[in-house]
>>> print(open('upload_17.tsv').read())   # TSV, C-alpha atoms
chain	number	residue	atom	x	y	z
A	1	MET	CA	54.51	33.23	66.84
A	2	SER	CA	57.29	31.06	65.51
A	3	GLY	CA	55.03	27.97	66.08
A	4	GLN	CA	52.38	29.37	63.71
A	5	SER	CA	54.84	29.94	60.83
A	6	THR	CA	56.22	26.37	60.99
A	7	SER	CA	52.77	24.71	60.93
A	8	GLY	CA	51.93	26.36	57.56
A	9	ALA	CA	55.09	24.98	55.92
A	10	PRO	CA	54.14	21.25	56.27
A	11	GLN	CA	50.66	21.95	54.92
A	12	ARG	CA	52.12	23.79	51.93
A	13	ARG	CA	54.63	20.99	51.38
A	14	THR	CA	51.85	18.34	51.56
A	15	PHE	CA	49.77	20.30	49.03
A	16	LEU	CA	52.76	20.59	46.65
A	17	MET	CA	53.39	16.84	46.96
A	18	MET	CA	49.74	16.09	46.18
A	19	LEU	CA	49.61	18.44	43.16
A	20	PRO	CA	51.02	15.91	40.62
A	21	LEU	CA	48.56	13.27	41.86
A	22	ILE	CA	45.65	15.69	41.52
A	23	ALA	CA	46.80	16.64	38.00
A	24	PHE	CA	47.14	12.96	37.02
A	25	ILE	CA	43.65	12.12	38.30
A	26	GLY	CA	42.22	15.10	36.43
A	27	LEU	CA	43.86	14.03	33.17
A	28	ALA	CA	42.80	10.40	33.67
A	29	VAL	CA	39.18	11.46	34.15
A	30	LEU	CA	39.36	13.69	31.06
A	31	PHE	CA	40.80	10.90	28.89
A	32	TRP	CA	38.32	8.37	30.26
A	33	PHE	CA	35.35	10.50	29.28
A	34	ARG	CA	36.79	11.51	25.90
A	35	LEU	CA	37.69	7.94	24.93
A	36	GLY	CA	34.55	6.41	26.39
A	37	SER	CA	32.20	8.83	24.68
A	38	GLY	CA	33.32	8.06	21.13
A	39	ASP	CA	31.93	5.41	18.83
A	40	ILE	CA	34.93	3.32	17.70
A	41	SER	CA	33.07	2.25	14.59
A	42	ARG	CA	33.27	5.85	13.37
A	43	ILE	CA	37.06	6.15	13.47
A	44	PRO	CA	37.92	7.98	10.25
A	45	SER	CA	40.11	6.30	7.67
A	46	ALA	CA	42.64	8.14	5.55
A	47	LEU	CA	41.94	5.57	2.81
A	48	ILE	CA	38.32	6.58	2.16
A	49	GLY	CA	38.12	7.86	-1.40
A	50	ARG	CA	41.40	6.19	-2.32
A	51	PRO	CA	42.02	3.01	-4.29
A	52	ALA	CA	42.00	-0.22	-2.31
A	53	PRO	CA	45.55	-1.45	-1.62
A	54	GLN	CA	47.02	-3.33	-4.56
A	55	THR	CA	48.29	-6.17	-2.40
A	56	ALA	CA	47.65	-9.70	-3.63
A	57	LEU	CA	47.23	-12.29	-0.88
A	58	PRO	CA	47.56	-16.07	-1.18
A	59	GLU	CA	44.57	-18.36	-0.86
A	60	LEU	CA	43.70	-20.14	2.37
A	61	ALA	CA	45.14	-23.56	1.55
A	62	GLY	CA	42.57	-26.35	1.62
A	63	LEU	CA	39.53	-24.03	1.66
A	64	GLN	CA	37.22	-25.34	-1.01
A	65	ASP	CA	33.82	-24.47	-2.40
A	66	ASN	CA	32.04	-27.16	-4.47
A	67	GLY	CA	35.33	-29.02	-4.88
A	68	ALA	CA	37.30	-26.01	-6.14
A	69	GLN	CA	39.91	-24.04	-4.20
A	70	VAL	CA	38.57	-20.67	-2.99
A	71	PRO	CA	40.86	-18.05	-4.57
A	72	GLY	CA	43.03	-15.63	-2.63
A	73	LEU	CA	42.85	-11.85	-2.84
A	74	ASP	CA	43.56	-10.34	-6.25
A	75	PRO	CA	43.20	-6.53	-6.37
A	76	ALA	CA	41.89	-6.81	-9.95
A	77	ALA	CA	38.80	-8.57	-8.54
A	78	PHE	CA	37.55	-5.23	-7.17
A	79	LYS	CA	37.17	-3.60	-10.59
A	80	GLY	CA	33.58	-3.44	-11.80
A	81	LYS	CA	32.06	-4.94	-8.63
A	82	VAL	CA	30.96	-3.58	-5.29
A	83	SER	CA	32.82	-5.50	-2.61
A	84	LEU	CA	32.49	-5.96	1.12
A	85	VAL	CA	35.96	-6.73	2.51
A	86	ASN	CA	35.99	-8.23	6.00
A	87	VAL	CA	39.22	-8.60	8.01
A	88	TRP	CA	38.77	-11.48	10.46
A	89	ALA	CA	40.52	-14.19	12.47
A	90	SER	CA	39.41	-17.38	14.18
A	91	TRP	CA	40.89	-16.20	17.49
A	92	CYS	CA	38.84	-12.97	17.39
A	93	VAL	CA	35.80	-13.26	19.68
A	94	PRO	CA	33.73	-10.52	17.93
A	95	CYS	CA	34.42	-12.27	14.60
A	96	HIS	CA	32.44	-15.25	15.91
A	97	ASP	CA	29.57	-12.92	16.77
A	98	GLU	CA	29.44	-11.33	13.31
A	99	ALA	CA	29.93	-14.57	11.30
A	100	PRO	CA	26.20	-15.41	11.02
A	101	LEU	CA	25.51	-11.89	9.72
A	102	LEU	CA	28.18	-12.30	7.04
A	103	THR	CA	26.57	-15.60	6.04
A	104	GLU	CA	23.26	-13.77	5.59
A	105	LEU	CA	24.96	-10.97	3.63
A	106	ALA	CA	26.47	-13.56	1.27
A	107	LYS	CA	22.96	-14.35	0.00
A	108	ASP	CA	22.81	-10.90	-1.64
A	109	LYS	CA	24.47	-11.48	-5.02
A	110	ARG	CA	24.62	-7.78	-5.93
A	111	PHE	CA	28.07	-7.55	-4.33
A	112	GLN	CA	30.96	-9.84	-3.51
A	113	LEU	CA	32.26	-10.70	-0.05
A	114	VAL	CA	36.02	-10.86	0.31
A	115	GLY	CA	37.77	-12.07	3.44
A	116	ILE	CA	41.22	-11.17	4.71
A	117	ASN	CA	42.31	-13.75	7.27
A	118	TYR	CA	44.55	-11.90	9.73
A	119	LYS	CA	47.48	-13.58	11.51
A	120	ASP	CA	45.73	-16.92	11.83
A	121	ALA	CA	46.65	-20.60	11.59
A	122	ALA	CA	45.22	-22.16	8.41
A	123	ASP	CA	43.65	-25.09	10.30
A	124	ASN	CA	41.90	-22.74	12.72
A	125	ALA	CA	40.69	-20.47	9.91
A	126	ARG	CA	39.23	-23.42	7.96
A	127	ARG	CA	37.60	-24.78	11.13
A	128	PHE	CA	36.07	-21.33	11.80
A	129	LEU	CA	34.61	-21.17	8.27
A	130	GLY	CA	33.45	-24.78	8.54
A	131	ARG	CA	31.59	-23.95	11.74
A	132	TYR	CA	29.72	-20.90	10.43
A	133	GLY	CA	29.82	-21.47	6.68
A	134	ASN	CA	32.10	-19.64	4.28
A	135	PRO	CA	30.44	-16.40	3.15
A	136	PHE	CA	33.49	-15.29	1.13
A	137	GLY	CA	34.03	-15.71	-2.59
A	138	ARG	CA	37.71	-14.95	-2.00
A	139	VAL	CA	39.85	-15.39	1.12
A	140	GLY	CA	43.33	-13.90	1.22
A	141	VAL	CA	45.74	-14.90	3.97
A	142	ASP	CA	47.57	-12.05	5.71
A	143	ALA	CA	49.92	-14.19	7.80
A	144	ASN	CA	52.24	-11.39	8.94
A	145	GLY	CA	49.70	-8.53	9.09
A	146	ARG	CA	51.44	-6.29	6.54
A	147	ALA	CA	48.53	-6.18	4.11
A	148	SER	CA	46.16	-5.22	6.92
A	149	ILE	CA	48.44	-2.31	7.76
A	150	GLU	CA	48.13	-1.17	4.13
A	151	TRP	CA	44.35	-1.33	4.54
A	152	GLY	CA	44.65	0.84	7.68
A	153	VAL	CA	43.33	-1.86	10.00
A	154	TYR	CA	43.39	-1.01	13.72
A	155	GLY	CA	42.33	-4.50	14.82
A	156	VAL	CA	39.98	-7.28	13.84
A	157	PRO	CA	37.23	-7.31	12.84
A	158	GLU	CA	37.03	-4.44	10.40
A	159	THR	CA	34.94	-4.18	7.26
A	160	PHE	CA	35.37	-2.06	4.16
A	161	VAL	CA	33.00	-1.17	1.34
A	162	VAL	CA	34.87	-0.96	-1.96
A	163	GLY	CA	33.09	0.64	-4.91
A	164	ARG	CA	33.06	-0.52	-8.54
A	165	GLU	CA	36.08	1.62	-9.36
A	166	GLY	CA	38.13	-0.19	-6.71
A	167	THR	CA	37.94	2.76	-4.31
A	168	ILE	CA	37.32	2.41	-0.57
A	169	VAL	CA	34.06	4.23	0.18
A	170	TYR	CA	33.42	3.21	3.80
A	171	LYS	CA	35.14	1.59	6.77
A	172	LEU	CA	33.46	-0.05	9.78
A	173	VAL	CA	35.70	-0.58	12.79
A	174	GLY	CA	34.56	-3.39	15.06
A	175	PRO	CA	32.09	-6.19	14.50
A	176	ILE	CA	29.07	-6.06	12.26
A	177	THR	CA	25.97	-6.06	14.48
A	178	PRO	CA	22.29	-6.23	13.53
A	179	ASP	CA	22.01	-2.54	14.43
A	180	ASN	CA	25.00	-1.17	12.48
A	181	LEU	CA	24.21	-3.52	9.58
A	182	ARG	CA	20.75	-1.99	9.26
A	183	THR	CA	21.57	1.65	10.02
A	184	VAL	CA	25.07	2.09	8.60
A	185	LEU	CA	26.56	-0.73	6.56
A	186	MET	CA	23.61	-1.56	4.27
A	187	PRO	CA	22.95	2.12	3.47
A	188	GLN	CA	26.64	2.47	2.55
A	189	MET	CA	26.40	-0.68	0.41
A	190	GLU	CA	23.23	0.61	-1.30
A	191	LYS	CA	24.95	3.93	-2.03
A	192	ALA	CA	27.94	2.10	-3.55
A	193	LEU	CA	25.64	-0.12	-5.61
A	194	LYS	CA	23.78	2.91	-7.01
A	195	ALA	CA	26.99	4.76	-7.85
A	196	GLY	CA	28.16	3.97	-11.36
A	197	SER	CA	25.27	1.62	-12.14
>>> encode(input="upload_17.tsv", output="structure tokens")
Amino acid sequence: MSGQSTSGAPQRRTFLMMLPLIAFIGLAVLFWFRLGSGDISRIPSALIGRPAPQTALPELAGLQDNGAQVPGLDPAAFKGKVSLVNVWASWCVPCHDEAPLLTELAKDKRFQLVGINYKDAADNARRFLGRYGNPFGRVGVDANGRASIEWGVYGVPETFVVGREGTIVYKLVGPITPDNLRTVLMPQMEKALKAGS
């Protein structure tokens, strides 16, 4: 009888030792499914409905358009115009993917395209824009990333729609794709263009 009582103790001890591992695996599976099921482009922004940050950014030195220096970011440039603000970097792989779509968007003169170059070397940024074409009427350099924090940027690329009053009306996290351009971004732009016109 004493042999039966001692064999149950190692099994109970083994189960108790495995309990943290079982709990960890359960939590990992739960987090995996919760994180994997969400659309990162729909991460809410606390800045929607608020004025765009009033941070001026310097120009990208040496970036020219028709022989004139492309200006940096001036918050006053948002007043009275609908703006598409794209945060990008030459080292960002998805930024290369979305660059041709931004070039196409630049053909629509109903709104202005503004670029925020995030933590990038000036030579690399100019080379990037030289490769794809510069869609931006203004390019502000955010060398240390502080301005992007004020914009609530999680990572590049991110794109904001700023209404005529200088208020952020939409935020797209991740690259612009043909699908989200057609189904999400252009409808948001159209809504901003109709508001206050």
>>> residues_around(input="upload_17.tsv", residues="stretch 170-183 of chain A", least_positions_apart="4", cutoff="6 Å", atoms="only C-alpha atoms", output="list in words")
Ser41, Pro94, Glu98, Pro157, Glu158, Thr159, Phe160 and Val161 of chain A
>>> residues_around(input="upload_17.tsv", residues="A:Arg131", least_positions_apart="3", cutoff="12 Å", atoms="all atoms listed in the file", output="ChimeraX atom specification")
/A:90,96,99-100,103,124-128,134-135
>>> axis_aligned_box(input="upload_17.tsv", around="stretch 61-74 of chain A", padding_each_side="6 Å", output="JSON")
{"center_x": 38.6, "center_y": -19.7, "center_z": -2.3, "size_x": 25.1, "size_y": 30.7, "size_z": 19.9}
>>> atom_distance(input="upload_17.tsv", atom1="atom CA of A:Ala56", atom2="atom CA of A:Gly140")
7.7 Å
>>> residues_around(input="upload_17.tsv", residues="A:Ile48", least_positions_apart="2", cutoff="7 Å", atoms="only C-alpha atoms", output="MDAnalysis selection string")
chainID A and resid 45:46 50 168:170
>>> atom_distance(input="upload_17.tsv", atom1="atom CA of A:Leu129", atom2="atom CA of A:Val141")
13.5 Å
>>> residues_near_point(input="upload_17.tsv", point="(47.0, -21.2, -1.0)", cutoff="9 Å", atoms="all atoms listed in the file", output="list of chain:residue names")
A:Leu57, A:Pro58, A:Glu59, A:Leu60, A:Ala61, A:Gly62, A:Leu63, A:Gln69, A:Val70, A:Pro71, A:Gly72, A:Gly140, A:Val141
>>> atom_distance(input="upload_17.tsv", atom1="atom CA of A:Asn144", atom2="atom CA of A:Ile116")
11.8 Å
>>> residues_around(input="upload_17.tsv", residues="stretch 81-85 of chain A", least_positions_apart="6", cutoff="7 Å", atoms="all atoms listed in the file", output="ChimeraX atom specification")
/A:111-115,159-164,192-193
>>> write_last_selection(input="upload_17.tsv", atoms="C-alpha atoms", output="tab-separated table (two decimals), in the frame of the given file")
chain	number	residue	atom	x	y	z
A	111	PHE	CA	28.07	-7.55	-4.33
A	112	GLN	CA	30.96	-9.84	-3.51
A	113	LEU	CA	32.26	-10.70	-0.05
A	114	VAL	CA	36.02	-10.86	0.31
A	115	GLY	CA	37.77	-12.07	3.44
A	159	THR	CA	34.94	-4.18	7.26
A	160	PHE	CA	35.37	-2.06	4.16
A	161	VAL	CA	33.00	-1.17	1.34
A	162	VAL	CA	34.87	-0.96	-1.96
A	163	GLY	CA	33.09	0.64	-4.91
A	164	ARG	CA	33.06	-0.52	-8.54
A	192	ALA	CA	27.94	2.10	-3.55
A	193	LEU	CA	25.64	-0.12	-5.61
>>> closest_residue(input="upload_17.tsv", among="A:Asp65, A:Leu27, A:Pro53, A:Arg12", to="A:Arg138", atoms="only C-alpha atoms")
A:Asp65
>>> closest_residue(input="upload_17.tsv", among="A:Val29, A:Ala147, A:Met18, A:Leu101", to="A:Ala52", atoms="all atoms listed in the file")
A:Ala147
>>> closest_residue(input="upload_17.tsv", among="A:Gly49, A:Gly130, A:Gly137, A:Gly155", to="A:Tyr118", atoms="only C-alpha atoms")
A:Gly155
>>> closest_residue(input="upload_17.tsv", among="A:Glu165, A:Trp91, A:Ile25, A:Trp151", to="A:Asp123", atoms="all atoms listed in the file")
A:Trp91
>>> closest_residue(input="upload_17.tsv", among="A:Phe136, A:Arg146, A:Leu16, A:Arg110", to="A:Lys194", atoms="only C-alpha atoms")
A:Arg110
>>> closest_residue(input="upload_17.tsv", among="A:Leu47, A:Ala23, A:Val184, A:Val156", to="A:Cys92", atoms="all atoms listed in the file")
A:Val156
